[in-house]
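*Asks:* Just query.txt, nothing more (compact mmCIF, N, CA and C atoms):
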```txt
# COMPACT_ATOMS: atom_id res chain seq x y z
N MET A 1 2.12 -6.78 -10.30
CA MET A 1 1.56 -5.85 -9.34
C MET A 1 0.28 -6.47 -8.78
N LYS A 2 0.07 -6.24 -7.48
CA LYS A 2 -1.11 -6.75 -6.79
C LYS A 2 -1.59 -5.67 -5.83
N THR A 3 -2.89 -5.59 -5.67
CA THR A 3 -3.46 -4.62 -4.73
C THR A 3 -4.39 -5.32 -3.76
N GLU A 4 -4.44 -4.80 -2.54
CA GLU A 4 -5.32 -5.36 -1.50
C GLU A 4 -5.93 -4.22 -0.69
N TYR A 5 -7.10 -4.48 -0.14
CA TYR A 5 -7.74 -3.53 0.77
C TYR A 5 -8.27 -4.30 1.96
N ASP A 6 -7.93 -3.85 3.15
CA ASP A 6 -8.40 -4.45 4.39
C ASP A 6 -9.37 -3.46 5.04
N LYS A 7 -10.66 -3.77 4.95
CA LYS A 7 -11.66 -2.83 5.47
C LYS A 7 -11.63 -2.72 6.99
N ASP A 8 -11.13 -3.75 7.68
CA ASP A 8 -11.06 -3.71 9.14
C ASP A 8 -10.14 -2.60 9.64
N VAL A 9 -9.07 -2.34 8.91
CA VAL A 9 -8.13 -1.28 9.30
C VAL A 9 -8.17 -0.11 8.32
N ASP A 10 -9.03 -0.21 7.30
CA ASP A 10 -9.21 0.83 6.28
C ASP A 10 -7.88 1.21 5.64
N ALA A 11 -7.15 0.19 5.18
CA ALA A 11 -5.86 0.41 4.54
C ALA A 11 -5.78 -0.39 3.24
N ALA A 12 -5.19 0.24 2.24
CA ALA A 12 -4.95 -0.42 0.96
C ALA A 12 -3.45 -0.53 0.77
N TYR A 13 -3.02 -1.58 0.05
CA TYR A 13 -1.61 -1.74 -0.24
C TYR A 13 -1.47 -2.12 -1.70
N ILE A 14 -0.60 -1.41 -2.39
CA ILE A 14 -0.28 -1.71 -3.78
C ILE A 14 1.12 -2.31 -3.79
N TYR A 15 1.19 -3.59 -4.12
CA TYR A 15 2.48 -4.29 -4.21
C TYR A 15 3.07 -4.04 -5.59
N VAL A 16 4.25 -3.46 -5.65
CA VAL A 16 4.95 -3.34 -6.92
C VAL A 16 5.65 -4.67 -7.19
N ASN A 17 6.21 -5.25 -6.15
CA ASN A 17 6.78 -6.60 -6.21
C ASN A 17 5.96 -7.48 -5.28
N TYR A 18 5.43 -8.58 -5.81
CA TYR A 18 4.62 -9.47 -5.00
C TYR A 18 5.10 -10.88 -5.19
N PRO A 19 5.23 -11.63 -4.15
CA PRO A 19 5.04 -11.27 -2.74
C PRO A 19 6.27 -10.57 -2.19
N LEU A 20 6.07 -9.87 -1.10
CA LEU A 20 7.19 -9.25 -0.40
C LEU A 20 7.82 -10.28 0.51
N ASN A 21 9.13 -10.41 0.44
CA ASN A 21 9.83 -11.30 1.34
C ASN A 21 9.91 -10.65 2.72
N THR A 22 9.90 -11.46 3.75
CA THR A 22 10.02 -10.96 5.11
C THR A 22 11.30 -10.14 5.24
N GLY A 23 11.17 -8.95 5.76
CA GLY A 23 12.31 -8.08 5.96
C GLY A 23 12.78 -7.34 4.72
N ALA A 24 12.05 -7.44 3.63
CA ALA A 24 12.46 -6.80 2.38
C ALA A 24 12.41 -5.28 2.46
N VAL A 25 11.44 -4.76 3.21
CA VAL A 25 11.30 -3.30 3.32
C VAL A 25 12.38 -2.77 4.26
N LYS A 26 13.22 -1.91 3.72
CA LYS A 26 14.31 -1.33 4.50
C LYS A 26 14.08 0.14 4.83
N LYS A 27 13.19 0.79 4.06
CA LYS A 27 12.95 2.21 4.29
C LYS A 27 11.52 2.52 3.88
N THR A 28 10.85 3.34 4.69
CA THR A 28 9.51 3.81 4.38
C THR A 28 9.53 5.33 4.40
N ILE A 29 8.98 5.92 3.34
CA ILE A 29 8.90 7.37 3.24
C ILE A 29 7.44 7.79 3.32
N LYS A 30 7.18 8.72 4.22
CA LYS A 30 5.83 9.26 4.38
C LYS A 30 5.63 10.39 3.38
N VAL A 31 4.68 10.21 2.46
CA VAL A 31 4.39 11.23 1.46
C VAL A 31 3.46 12.28 2.06
N ASP A 32 2.42 11.81 2.73
CA ASP A 32 1.51 12.67 3.50
C ASP A 32 0.90 11.82 4.59
N GLU A 33 -0.14 12.29 5.25
CA GLU A 33 -0.70 11.53 6.38
C GLU A 33 -1.37 10.23 5.95
N HIS A 34 -1.59 10.02 4.65
CA HIS A 34 -2.26 8.82 4.17
C HIS A 34 -1.38 7.89 3.34
N ILE A 35 -0.33 8.40 2.72
CA ILE A 35 0.45 7.64 1.74
C ILE A 35 1.87 7.39 2.24
N PHE A 36 2.27 6.10 2.18
CA PHE A 36 3.61 5.69 2.58
C PHE A 36 4.21 4.82 1.48
N LEU A 37 5.48 5.07 1.15
CA LEU A 37 6.18 4.32 0.13
C LEU A 37 7.22 3.41 0.78
N ASP A 38 7.23 2.13 0.42
CA ASP A 38 8.17 1.16 0.97
C ASP A 38 9.25 0.84 -0.06
N PHE A 39 10.52 0.88 0.38
CA PHE A 39 11.66 0.64 -0.49
C PHE A 39 12.54 -0.48 0.07
N ASP A 40 13.28 -1.14 -0.84
CA ASP A 40 14.23 -2.16 -0.42
C ASP A 40 15.60 -1.52 -0.16
N GLU A 41 16.60 -2.34 0.06
CA GLU A 41 17.95 -1.85 0.39
C GLU A 41 18.61 -1.11 -0.78
N ASN A 42 18.11 -1.33 -1.99
CA ASN A 42 18.65 -0.66 -3.18
C ASN A 42 17.78 0.53 -3.62
N ASN A 43 16.91 0.96 -2.72
CA ASN A 43 15.97 2.07 -2.99
C ASN A 43 15.00 1.77 -4.12
N LYS A 44 14.70 0.50 -4.32
CA LYS A 44 13.70 0.09 -5.31
C LYS A 44 12.33 0.09 -4.62
N LEU A 45 11.35 0.73 -5.27
CA LEU A 45 10.00 0.79 -4.71
C LEU A 45 9.39 -0.61 -4.67
N LEU A 46 8.93 -1.02 -3.48
CA LEU A 46 8.31 -2.32 -3.31
C LEU A 46 6.79 -2.23 -3.21
N GLY A 47 6.31 -1.15 -2.59
CA GLY A 47 4.87 -1.03 -2.41
C GLY A 47 4.45 0.33 -1.89
N ILE A 48 3.15 0.55 -1.96
CA ILE A 48 2.54 1.80 -1.53
C ILE A 48 1.41 1.48 -0.57
N GLU A 49 1.47 2.04 0.62
CA GLU A 49 0.41 1.84 1.61
C GLU A 49 -0.46 3.10 1.66
N ILE A 50 -1.76 2.89 1.68
CA ILE A 50 -2.71 4.01 1.75
C ILE A 50 -3.57 3.82 2.99
N LEU A 51 -3.38 4.68 3.98
CA LEU A 51 -4.17 4.64 5.20
C LEU A 51 -5.42 5.47 5.03
N ASP A 52 -6.45 5.16 5.82
CA ASP A 52 -7.74 5.83 5.67
C ASP A 52 -8.18 5.77 4.20
N ALA A 53 -8.02 4.59 3.63
CA ALA A 53 -8.24 4.41 2.19
C ALA A 53 -9.65 4.80 1.75
N SER A 54 -10.63 4.61 2.62
CA SER A 54 -12.00 4.95 2.24
C SER A 54 -12.18 6.46 2.06
N LYS A 55 -11.26 7.24 2.61
CA LYS A 55 -11.31 8.69 2.45
C LYS A 55 -10.50 9.14 1.23
N VAL A 56 -9.55 8.31 0.82
CA VAL A 56 -8.62 8.68 -0.25
C VAL A 56 -9.04 8.10 -1.61
N LEU A 57 -9.56 6.87 -1.60
CA LEU A 57 -9.92 6.18 -2.84
C LEU A 57 -11.43 6.13 -3.03
N ARG A 58 -11.86 6.00 -4.27
CA ARG A 58 -13.29 5.85 -4.55
C ARG A 58 -13.79 4.51 -4.02
N LYS A 59 -15.00 4.48 -3.54
CA LYS A 59 -15.58 3.27 -2.95
C LYS A 59 -15.65 2.12 -3.95
N GLU A 60 -15.88 2.42 -5.24
CA GLU A 60 -15.92 1.36 -6.25
C GLU A 60 -14.58 0.67 -6.37
N LYS A 61 -13.50 1.44 -6.28
CA LYS A 61 -12.17 0.89 -6.36
C LYS A 61 -11.87 0.04 -5.14
N LEU A 62 -12.29 0.48 -3.97
CA LEU A 62 -12.07 -0.29 -2.74
C LEU A 62 -12.75 -1.64 -2.81
N ALA A 63 -13.94 -1.70 -3.35
CA ALA A 63 -14.67 -2.97 -3.47
C ALA A 63 -13.89 -3.95 -4.33
N GLU A 64 -13.23 -3.46 -5.36
CA GLU A 64 -12.41 -4.32 -6.24
C GLU A 64 -11.19 -4.86 -5.50
N LEU A 65 -10.66 -4.09 -4.57
CA LEU A 65 -9.41 -4.44 -3.89
C LEU A 65 -9.61 -5.28 -2.64
N GLU A 66 -10.81 -5.33 -2.13
CA GLU A 66 -11.06 -5.92 -0.82
C GLU A 66 -10.58 -7.37 -0.74
N VAL A 67 -9.91 -7.66 0.37
CA VAL A 67 -9.35 -9.00 0.60
C VAL A 67 -10.41 -9.88 1.22
```
Give the structure from the file, written as structure tokens.
*Replies:*
Amino acid sequence: MKTEYDKDVDAAYIYVNYPLNTGAVKKTIKVDEHIFLDFDENNKLLGIEILDASKVLRKEKLAELEV
């Protein structure tokens, strides 16, 4: 597992499988306005995207994740 935070777009990504191969994500499910789950063709969770991460996650955690 790997996590990243891009402060320029205020988004965090939690990779369940890293690295993701190009085109691996076949389906994305919106949990709410901030959380999106990415799945492969076998419905295996590949990653979790968190938008507006500075509003959702603690600032200390974001500093640890920053790319």
*Asks:* Determine, counting only N, CA and C atoms, which protein, DNA and RNA residues have an atom within 8 Å of an atom of A:Ile35; residues of the same chain fewer than 5 positions away are not included. Present the result as a list in words.
*Replies:*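 Here the qualifying residues turn out to be Ile29, Lys30, Ile48, Glu49, Ile50, Leu51 and Asp52 of chain A.
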*Asks:* Using only C-alpha atoms, which residue out of A:Asn43, A:Leu57, A:Phe36, A:Glu64 lies closest to A:Asp10?
*Replies:*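 Nearest candidate to A:Asp10 out of A:Asn43, A:Leu57, A:Phe36, A:Glu64: A:Leu57.
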*Asks:* Neighbouring residues of A:Asp40 were defined as those with any atom within 6 Å, considering only C-alpha atoms; residues of the same chain fewer than 3 positions away were excluded. Please report them as a JSON list (two decimals) with N, CA and C atoms, in the frame of the given file.
*Replies:*
```json
[["chain", "number", "residue", "atom", "x", "y", "z"],
["A", 24, "ALA", "N", 12.05, -7.44, 3.63],
["A", 24, "ALA", "CA", 12.46, -6.80, 2.38],
["A", 24, "ALA", "C", 12.41, -5.28, 2.46],
["A", 25, "VAL", "N", 11.44, -4.76, 3.21],
["A", 25, "VAL", "CA", 11.30, -3.30, 3.32],
["A", 25, "VAL", "C", 12.38, -2.77, 4.26],
["A", 26, "LYS", "N", 13.22, -1.91, 3.72],
["A", 26, "LYS", "CA", 14.31, -1.33, 4.50],
["A", 26, "LYS", "C", 14.08, 0.14, 4.83],
["A", 43, "ASN", "N", 16.91, 0.96, -2.72],
["A", 43, "ASN", "CA", 15.97, 2.07, -2.99],
["A", 43, "ASN", "C", 15.00, 1.77, -4.12],
["A", 44, "LYS", "N", 14.70, 0.50, -4.32],
["A", 44, "LYS", "CA", 13.70, 0.09, -5.31],
["A", 44, "LYS", "C", 12.33, 0.09, -4.62]]
```
*Asks:* Give the strand (DSSP E or B) residues of chain A, as DSSP finds them on the backbone, and put them as a list of chain:residue names.
*Replies:*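 Everything in chain A that counts as strand (DSSP E or B) is A:Lys2, A:Thr3, A:Glu4, A:Tyr5, A:Asp6, A:Ala11, A:Ala12, A:Tyr13, A:Ile14, A:Tyr15, A:Lys27, A:Thr28, A:Ile29, A:Lys30, A:Ile35, A:Phe36, A:Leu37, A:Asp38, A:Phe39, A:Leu45, A:Leu46, A:Gly47, A:Ile48, A:Glu49, A:Ile50, A:Leu51, A:Glu66.
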*Asks:* Between atom CA of A:His34 and atom CA of A:Val16, measure the distance and give it in Å to one decimal.
*Replies:*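 Between atom CA of A:His34 and atom CA of A:Val16 the gap is 18.0 Å.
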